[in-house]
Every structure is written in structure tokens, then in C-alpha cells.
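Below is one structure, written out as C-alpha cells; the observations come after it.
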Amino acid sequence: MRGRATKWTCGIVAALGAVVLAMGCSGGDVYGPCPVDNGSDVNCFWEGGITFAPDEVSVADGLVYVHGEMMWSPCAMTPGKQIRSYRIDPTTGVTVRMDAPADAEPVPIPAQGKIEVTFEGTPRRVIIDPGATISVTQSRLPIGEAVNDSNGITLPIELEAVCDE
């Protein structure tokens, strides 16, 4: 029994070591507008991720606007980072790249957890997950959902995640 536990422990430690090495191969804290080859010949087990960190959320005319930093971190590449703004339609979950209008009302962002936007007098909610991530091989990043509490319909909210310079 003890031999089996030791093998499992060694396997877990080895797997964690491989993940740390693979994640570390993206090349430091230097960013470009889009990922570029950093000349590394590292073989990666982890292809990298796409994240979107919202720093402002606001509401205007029944639409949600989210502004933040999108980052691409492919392994063996210098990561890319762009500031992006999106408009979210809470009835369909559809997103479009667009800045918030000047009269948009800010929505408080909690220190931890998901951001929930409610609309007074309607059963609709928009839930944004600031911790969302997906593989760099994908072109759309799911960041949350548009919820209609009156009929139970939940629609995914996805952002265009293609890096453009």
C-alpha cells in the first residue's frame, strides 16, 4: 500500500513539474500587441491560454459594456496583450467590439468572483466570469452567460479572441 502511495505522489509531483515548466516557457513579463515567436526551441505540453480581465463594466440603454485586457500566452512565444471593449446584448448574449457611451453607468466589480449585472424591472441578468480562459487555438473566449430568469434560458457570452495588431 505504501509503495502505491509513493508512486502516486511521485506521479503527481512530476506532472505538476511538467505543467510549471510548460507554463513558464511563454517568456516572462514582456508583452507585444500579439504573440510572437521568442526563438525558444522548448517543447511544450501546454499550448497556452487566452484570458480577458475586465477592469470596467457599465450599462447604457439596456446593454452591458465591458472593458479590459485580453492576453494571449502561447507556449514558446512572447505573449500578446490588447485593451478591448465589448458591448453585450443581454437578450441574445451577442457581443460586438464597441466602447461604452459617455453616459454609461458603471457597475461595481467585486474583488473576487463573478460580476453580475441586473436590470431593474426585468428578469434578465448578465454574469461575467473574470477568470475565464480558453486555449489559444480557439477564436472565441466564453466569459459568461446571459440569463432570463422568467423562462430559464441561459445563453453563452463569448468574445472574439483573435489577436489583431
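Chain lettering (A, B, ...) mirrors the order of the C-alpha cells, residue numbering begins at 1 for each chain separately, and ligand numbering begins at 1 in order of display.
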Considering only C-alpha atoms, give me a table of residues in stretch 134-156 of chain A that are at most 12 Å from stretch 62-75 of chain A, with the closest atom pair and distance in Å for each, as CSV.
```
residue,atom,partner,partner_atom,distance
A:Ile134,CA,A:Trp72,CA,9.6
A:Ser135,CA,A:Pro74,CA,8.6
A:Val136,CA,A:Pro74,CA,6.3
A:Thr137,CA,A:Pro74,CA,9.0
A:Gln138,CA,A:Trp72,CA,10.8
A:Ser139,CA,A:Trp72,CA,11.1
A:Arg140,CA,A:Met70,CA,11.7
A:Leu141,CA,A:Met70,CA,9.9
A:Ile143,CA,A:Val66,CA,10.7
A:Gly144,CA,A:Val66,CA,11.8
A:Glu145,CA,A:Val64,CA,12.0
A:Ala146,CA,A:Val64,CA,10.4
```
task = Determine, counting only C-alpha atoms, which protein, DNA and RNA residues have an atom within 12 Å of an atom of A:Asp89; residues of the same chain fewer than 2 positions away are not included. Present the result as a VMD selection string.
result = chain A and resid 59 to 66 86 to 87 91 to 98 117 124 to 127 145 to 147 155 to 158
ask   = Could you name the residues that touch A:Pro130 at 7 Å or less, counting only C-alpha atoms, but leaving out those on the same chain fewer than 3 positions away, as a list of chain:residue names?
value =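 Once the adjacent positions are removed, what remains is A:Phe52, A:Ala53, A:Pro54, A:Lys114.
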ask   = What does the distance between atom CA of A:Cys163 and atom CA of A:Pro79 come to in Å, to one decimal place?
value = 10.8 Å
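Closest to A:Glu56 among A:Ile115, A:Asn151, A:Ala132, A:Gly121 is A:Ile115, based on only C-alpha atoms.
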request  = Identify which of the residues A:Ile88, A:Val162, A:Ile153, A:Ala100 lies closest to A:Ile128, counting only C-alpha atoms when measuring atom-to-atom distances.
outcome  =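 Going through A:Ile88, A:Val162, A:Ile153, A:Ala100 one by one, the smallest distance to A:Ile128 is for A:Ile88.
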request  = Go through A:Ser58, A:Val36, A:Ser150, A:Trp46 and flag the residue nearest A:Pro123, using only C-alpha atoms for the distances.
outcome  =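 Answer, going by the shortest atom-to-atom distance: A:Ser150.
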request  = Using atom CA of A:Gly32 and atom CA of A:Arg84 as the two end points, give the distance in Å to one decimal.
outcome  =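 Taking atom CA of A:Gly32 and atom CA of A:Arg84, their separation equals 14.5 Å.
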ask   = DSSP on the backbone: what in chain A comes out strand (DSSP E), as a ChimeraX atom specification?
value = /A:36-37,48-60,63-74,77-78,80-88,95-97,105-106,115-118,124-128,133-135,140-148,153-160
task = Kindly give the distance, in Å, that separates atom CA of A:Pro106 and atom CA of A:Asp149, rounded to a single decimal.
result = 23.0 Å
